[in-house]
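Enquirer: So that we are looking at the same thing, I have put the structure below in structure tokens.
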There are 4 protein chains.
Amino acid sequence: MTSSDVLDTALALQLKEACELLMADLDHLLEVLKRRAYEFKDTVMIGRSHGIHAEPITFGLKLALWHAEMKRHRERLRHAQDTVRVGKISGAVGTYANIDPATEKRACQILGLEPSPISNQIIQRDRHAEFFTTLALVGCSVEKIAVEIRHLQRTEVREAEEFFSPGQKGSSAMPHKRNPIASENLSGLARVLRGNALAAMENVALWHERDISHSSVERIIAPDSTILLDYMLARLTRVLERLSVYPENMRRNLDLTGGLFFSQQVMLALTRKGLNREEAYRLVQRNAMRAWSEGSQLQELLPQDPEVAQLISTSEIAAIFDLNYHLKHVDTIFAQVFGET
Amino acid sequence: MTSSDVLDTALALQLKEACELLMADLDHLLEVLKRRAYEFKDTVMIGRSHGIHAEPITFGLKLALWHAEMKRHRERLRHAQDTVRVGKISGAVGTYANIDPATEKRACQILGLEPSPISNQIIQRDRHAEFFTTLALVGCSVEKIAVEIRHLQRTEVREAEEFFSPGQKGSSAMPHKRNPIASENLSGLARVLRGNALAAMENVALWHERDISHSSVERIIAPDSTILLDYMLARLTRVLERLSVYPENMRRNLDLTGGLFFSQQVMLALTRKGLNREEAYRLVQRNAMRAWSEGSQLQELLPQDPEVAQLISTSEIAAIFDLNYHLKHVDTIFAQVFGET
Amino acid sequence: MTSSDVLDTALALQLKEACELLMADLDHLLEVLKRRAYEFKDTVMIGRSHGIHAEPITFGLKLALWHAEMKRHRERLRHAQDTVRVGKISGAVGTYANIDPATEKRACQILGLEPSPISNQIIQRDRHAEFFTTLALVGCSVEKIAVEIRHLQRTEVREAEEFFSPGQKGSSAMPHKRNPIASENLSGLARVLRGNALAAMENVALWHERDISHSSVERIIAPDSTILLDYMLARLTRVLERLSVYPENMRRNLDLTGGLFFSQQVMLALTRKGLNREEAYRLVQRNAMRAWSEGSQLQELLPQDPEVAQLISTSEIAAIFDLNYHLKHVDTIFAQVFGET
Amino acid sequence: MTSSDVLDTALALQLKEACELLMADLDHLLEVLKRRAYEFKDTVMIGRSHGIHAEPITFGLKLALWHAEMKRHRERLRHAQDTVRVGKISGAVGTYANIDPATEKRACQILGLEPSPISNQIIQRDRHAEFFTTLALVGCSVEKIAVEIRHLQRTEVREAEEFFSPGQKGSSAMPHKRNPIASENLSGLARVLRGNALAAMENVALWHERDISHSSVERIIAPDSTILLDYMLARLTRVLERLSVYPENMRRNLDLTGGLFFSQQVMLALTRKGLNREEAYRLVQRNAMRAWSEGSQLQELLPQDPEVAQLISTSEIAAIFDLNYHLKHVDTIFAQVFGET
């Protein structure tokens with residue numbers, strides 16, 4: 001048994017255990033995401049593309065989407081664990097010259113590892129590269145959620161906020177100054193995980209039956225990336241668990257565009273009343289522009305437009321401006337994500 | 001159906017097909033690796049760690065190890081294909097406001113895609129990041145094989161060479177100047193795949209229900225990384241298929257250290273004859289140092305050393321210096337890799 | 001003269017010219033940044049840290065800061081140009097075996113290049129790595145400005161907008177839906193430049209007197225990174241040149257926190273009136289909390305608080321709530337940046 | 001003075017000092033490189049391209065080339081130091097609202113820093129990104145030298161070796177097994193520096209007047225990258241200082257191709273004797289192929305070829321096979337690098 005047999009098998013045990021912890025972290029995160037997704041399943045807010053208001057969603061949908069993403073990462077981590085959960089006791093160049101293959105099998109069985117079907121002096125580093133890129137991928141989604149929280153906490157938006165304990169540092173003479181520092185911290189750390197993944201990828205192309213250049217890298221990134229991600233998942237879970245959510249602000253922001261996200265349905269209603277597409281478009285556009293420039297509600301302007309009013313009644317208009325139009329499939333989506341009815 | 005519904009679903013189809021091609025490339029590569037592994041199963045050569053001679057292996061073992069590695073990549077690609085093989089027809093923010101979830105299911109079924117269980121304006125980019133990092137990981141192993149060929153083709157080593165057709169450019173007044181340019185080319189391209197993977201990872205943390213910053217990236221890296229890897233796998237396969245292998249040079253290099261890789265077994269034999277470990281070590285070391293400094297064969301020096309000669313006979317020594325000691329498990333390893341007996 | 005002499009010298013000429021174009025791009029960008037900085041020198045807006053309102057600045061300061069940053073990049077590019085503006089005609093391993101050093105000098109002089117003081121088969125790739133990382137660094141700052149514009153264009157903020165021509169595609173029935181797609185595009189492309197820089201860094205450690213692995217990389221990244229950055233700078237310049245700026249919205253947002261950014265000066269004023277720090281803090285905090293929770297203006301609340309009112313008059317309070325307190329050094333800063341008085 | 005004023009100015013001081021140490025490291029490395037370059041100025045060895053023998057060089061040329069490269073890095077570090085040697089005491093958003101610009105100037109002067117001409121809450125991160133990419137660039141060249149040493153130490157090449165003290169661990173029953181572990185270690189660490197540089201580049205695009213996401217990154221990479229590079233430069237210097245160089249092995253390897261690198265001059269001599277290019281080529285090729293396949297010396301074969309012998313005398317041939325033909329400009333190159341005569 002050579003020293004590299006021992007070291008590589010020991011590393012496999014460490015990474016296997018690290019995966020165990022990280023999957024437990026993810027399980028906890030998934031649990032919190034699910035709980036809060038149901039809590040805000042029907043909490044309406046505006047969906048945004050390009051940073052610009054698009055159509056209504058619910059805050060629960062956002063959380064459910066994150067849940068689905070983190071579930072994919074759970075599966076990736078499990079796959080990565082299978083990949084690195086591999087021991088090797090096959091001697092200096094992997095030929096079992098001084099050790100029987102059966103010994104490798106036995107030892108691995110005892111340690112809860114799979115024996116590597118073939119190795120040279122070491123276990124091949126494509127396995128570790130998959131492991132570290134997987135950690136980086138999880139980090140990317142942690143960053144994504146963190147960036148979202150930072151967006152929602154902006155002074156102008158303020159639809160959600162990291163929990164801010166009354167005793168927390170922060171000038172109470174500046175009560176608006178609650179900074180999403182946990183989420184900012186997480187955004188940064190994802191960059192470190194990416195950098196480390198890159199180093200792990202460069203570790204694959206070792207020379208001949210091994211060169212030891214991967215070792216100095218792994219002694220840094222193995223503890224750093226696993227501990228960092230553990231910290232990141234735990235901190236993100238805590239942020240989400242205690243996230244302050246402001247449905248009233250969501251509603252206020254939703255109304256900012258005066259209901260313009262109903263334009264399309266108004267147009268459809270007008271065409272159903274006999275207008276051709278062009279005329280319908282002209283009518284809706286005229287009122288939409290006015291609503292936007294005046295900051296008024298499209299629903300209120302439409303009945304004031306004689307051309308519109310003669311075609312659709314106020315109650316028909318009210319029926320169109322129904323948020324449920326946008327949210328009617330929320331339960332379906334939740335069932336698709338959480339597999340429940 | 002929004003334009004992002006169309007674009008993202010189209011991208012899924014393209015990446016799915018790209019995966020199909022890349023897996024076919026890998027299948028071809030695996031076939032060639034297996035064929036040549038069996039061809040050189042018993043072709044002895046020195047195994048090297050740190051670039052320094054270690055213990056004997058066979059060239060077939062090297063090829064079998066690459067086979068096992070590429071098989072892992074085959075599985076990773078299949079997983080990545082499952083991950084990106086996902087369509088989405090759920091509207092501007094993923095709420096199915098203007099389209100029925102059943103339509104998405106039907107359309108995806110027709111296209112051979114899975115419907116995304118949840119989406120916002122787009123399919124989430126952790127999927128694509130997994131895809132592009134997987135391409136980069138495959139590239140790392142292509143590089144590893146390419147680097148090995150470059151090593152083996154060095155003037156001083158010359159155990160293998162990229163096929164060099166008689167008519168090929170290259171000064172025939174410099175007949176030694178056959179450069180492993182295909183392998184060098186492949187070594188470089190792996191770097192490009194890694195860079196692109198990184199950009200794909202940065203694409204994950206989009207804002208809110210989507211920002212379009214990922215798009216300019218994907219328009220570059222989606223064609224580039226898939227086409228590059230297709231090219232790399234095809235070129236590597238061709239290099240391996242036609243690789244010139246020089247068993248006689250392998251044998252020559254194997255003998256360079258005068259059989260020092262048998263030192264350990266000599267020591268064990270001496271202790272079995274009654275010497276304690278320290279004395280056995282002293283005897284072997286003395287002859288090993290002489291063999292190395294004189295460039296002679298340890299097997300020939302040992303009988304000349306009276307202290308050794310009185311303990312072990314020449315025929316016993318000959319029995320120790322048997323390459324089969326190192327290669328006795330080659331068949332077992334092949335069975336572990338190729339699942340055959 | 002070997003083919004690598006020709007190729008490397010040709011590459012030097014290309015990169016030198018690319019730098020020329022990129023520096024011209026930067027000059028144009030700098031000119032636009034300066035012009036618009038002066039245009040908005042006194043246009044007050046809120047400064048934000050952590051995405052949260054902090055203290056007032058002017059939009060001109062933001063532009064001036066970008067100017068200073070791009071000027072640093074101008075200098076970096078010039079340095080990178082000096083680094084790559086190096087020719088080499090020294091033969092297969094750099095010994096001038098078949099060519100006189102004087103010929104190299106003459107040829108380089110004619111081509112406007114410096115002769116490399118020493119080379120092997122090629123010009124060393126640390127030069128090119130500096131070049132490509134410099135392009136990536138410029139890209140990072142392009143991204144930074146692009147991200148800022150995307151922030152400012154958010155529906156809730158809307159302090160600035162990419163120019164949107166009346167005829168531009170975009171539903172006029174959704175007049176709010178003006179997406180900062182140029183800035184999003186630029187944000188993405190910066191990632192590609194970073195990935196390419198990485199590949200260039202991996203090109204440095206070539207083997208012996210050269211291996212050709214850098215070549216496949218450079219054939220991709222040399223045109224891609226230079227053309228991309230040229231495009232990015234030109235597009236960013238155009239975005240900034242025609243950026244719609246909304247001072248009234250800046251003012252509206254500035255007022256969102258009810259003047260809380262004057263808290264500190266109120267406190268100082270109260271201590272000057274004889275209160276100790278703790279008492280002053282208690283008084284300000286009480287009113288600040290009220291302003292924030294009610295959405296009212298601190299300036300209006302203070303005179304209504306008897307404890308405050310007996311110490312400071314309304315006109316004294318008005319004097320404190322003076323934006324000029326925050327902006328008094330804008331001219332100084334402009335002088336520091338633009339070197340004018 | 002805000003906390004970010006203090007932190008950023010403190011970081012500037014730390015990075016400035018780190019640069020000081022790293023430049024001293026580089027100075028020491030440069031000194032060693034120069035000393036050893038002159039020591040081996042005329043030590044002939046084969047130059048290699050693509051890993052294949054090309055034409056003769058001297059080991060001193062290799063060292064001189066590294067000297068020139070490290071001198072460029074010295075200059076880059078100096079530039080990077082200028083870039084980060086910048087203090088900032090301008091308040092929460094950089095407006096000097098509560099502090100006079102003159103104070104910033106005075107404080108910076110005392111601390112040996114330049115005052116930033118403009119800042120927001122922090123010093124802009126393009127400065128730090130230049131710093132960390134510069135460290136990574138230096139690392140790339142450390143890796144390049146390390147990779148070269150690993151190549152030269154290969155069992156088949158063995159032209160140089162890391163110093164191996166008699167008492168050093170390593171089986172003396174395997175005296176050939178001296179592994180270039182320091183160089184392998186350095187090869188790996190360069191990857192970590194590259195990963196960290198990437199994280200630093202992603203730190204540039206902060207939001208508005210600052211977001212704090214850069215901070216978690218810098219707390220990791222600032223100590224890690226600076227300390228790592230300090231370690232790397234010191235270790236590389238020690239490796240080079242004590243590098244065992246084997247001129248006799250260099251000479252042995254040089255002779256491996258039987259003097260084929262003189263083919264071109266033989267051809268020229270034959271054409272000077274009246275042969276046309278084609279005939280001359282045919283004659284040289286015939287003997288070159290024989291020398292290569294037989295492992296004999298071209299110089300000895302030529303006089304045995306009647307067609308050649310009737311044109312050139314043995315002494316003329318001897319004059320052609322003169323290594324000085326390849327090395328005649330070594331002094332010139334040294335003068336170009338070290339600026340001496």
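In the structure tokens, chains take the letters A, B, ... in the order shown, each chain's residues start at 1, and ligands count up from 1 in the order shown.
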For chain C, which residues have at least one atom within 7 Å of chain D, if we go by only C-alpha atoms? Write them as a VMD selection string, please.
Expert: chain C and resid 47 to 51 55 57 65 93 95 to 97 117 to 119 126 137 140 to 141 143 to 144 148 201 204 to 212 325 to 327 329 to 330 333 336 to 337
Enquirer: What is the distance between atom CA of Val192 of chain B and atom CA of Ile227 of chain C, in Å to one decimal?
Expert: 16.8 Å
Enquirer: When distances are computed from only C-alpha atoms, which of C:Asn287, C:Gln299, C:Thr43, C:Ser215 shows the smallest separation from Ala318 of chain C?
Expert: C:Gln299
Enquirer: Could you check the closest approach to Leu193 of chain C for each of C:Glu241, C:Met250, C:His28, C:Phe131 and tell me which residue wins, using only C-alpha atoms?
Expert: C:Phe131
Enquirer: From a DSSP pass on the backbone, collect the residues of segment 16-247 of chain C flagged as strand (DSSP E or B) and hand them back as a ChimeraX atom specification.
Expert: /C:44-49,52-58,86-87,114-115,160-161,244-245
Enquirer: Would you compute the distance between atom CA of Leu302 of chain C and atom CA of Glu156 of chain A? Give it in Å to one decimal.
Expert: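 Straight-line distance from atom CA of Leu302 of chain C to atom CA of Glu156 of chain A works out to 24.2 Å.
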Enquirer: Please list as a list in words every residue within 9 Å of segment 108-112 of chain D, counting only C-alpha atoms and excluding residues in the same chain fewer than 4 positions away.
Expert: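 So, after excluding close chain neighbours, the residues are Thr9, Leu13, Arg85, Val86, Gly87, Lys88, Ile89, Thr103 and Glu104 of chain D.
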Enquirer: Quick check, in Å to one decimal: how far apart do atom CA of Glu114 of chain C and atom CA of Leu135 of chain C lie?
Expert: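 Separating atom CA of Glu114 of chain C from atom CA of Leu135 of chain C is a distance of 21.5 Å.
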Enquirer: Could you pull the residues within 10 Å of Asp224 of chain A, counting only C-alpha atoms, minus those fewer than 3 positions along the same chain, as an MDAnalysis selection string?
Expert: (chainID A and resid 192:193 196 218:221 227:230) or (chainID D and resid 220)
Enquirer: Could those selected residues go to a file with N, CA and C atoms, as a tab-separated table (two decimals), in the first residue's frame?
Expert:
```
chain	number	residue	atom	x	y	z
A	192	VAL	N	-15.70	32.82	-5.53
A	192	VAL	CA	-14.56	32.03	-5.05
A	192	VAL	C	-14.74	30.56	-5.44
A	193	LEU	N	-15.96	30.06	-5.31
A	193	LEU	CA	-16.22	28.66	-5.70
A	193	LEU	C	-15.95	28.45	-7.18
A	196	ASN	N	-12.23	28.26	-7.77
A	196	ASN	CA	-11.69	26.98	-7.33
A	196	ASN	C	-12.05	25.85	-8.29
A	218	GLU	N	-5.43	20.92	-4.26
A	218	GLU	CA	-6.50	20.31	-3.46
A	218	GLU	C	-6.38	20.62	-1.98
A	219	ARG	N	-5.14	20.77	-1.53
A	219	ARG	CA	-4.99	21.11	-0.11
A	219	ARG	C	-5.61	22.47	0.19
A	220	ILE	N	-5.73	23.31	-0.82
A	220	ILE	CA	-6.40	24.60	-0.63
A	220	ILE	C	-7.88	24.50	-0.92
A	221	ILE	N	-8.23	24.00	-2.09
A	221	ILE	CA	-9.64	24.11	-2.50
A	221	ILE	C	-10.54	23.06	-1.86
A	227	ILE	N	-16.15	23.81	2.83
A	227	ILE	CA	-16.56	24.58	4.01
A	227	ILE	C	-17.32	25.83	3.60
A	228	LEU	N	-16.85	26.47	2.52
A	228	LEU	CA	-17.53	27.66	2.04
A	228	LEU	C	-18.97	27.34	1.65
A	229	LEU	N	-19.16	26.27	0.89
A	229	LEU	CA	-20.52	25.97	0.43
A	229	LEU	C	-21.41	25.58	1.60
A	230	ASP	N	-20.85	24.86	2.55
A	230	ASP	CA	-21.61	24.52	3.75
A	230	ASP	C	-22.08	25.80	4.44
D	220	ILE	N	-10.72	36.43	1.41
D	220	ILE	CA	-10.09	35.14	1.09
D	220	ILE	C	-8.88	35.33	0.17
```
Enquirer: Show which residues sit within 8 Å of Met174 of chain C, as a list in words. Count only C-alpha atoms, and ignore same-chain residues fewer than 4 positions away.
Expert: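 Contacts, with the query itself left out: Leu260, Phe261, Ser263, Gln285, Ala288 and Met289 of chain A; Gly170 of chain C.
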Enquirer: Find, counting only C-alpha atoms, the residue in C:Val157, C:Phe262, C:Asp42, C:Leu236 that gets nearest to Glu184 of chain C.
Expert: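 Of the candidates, the smallest distance to Glu184 of chain C is held by C:Leu236.
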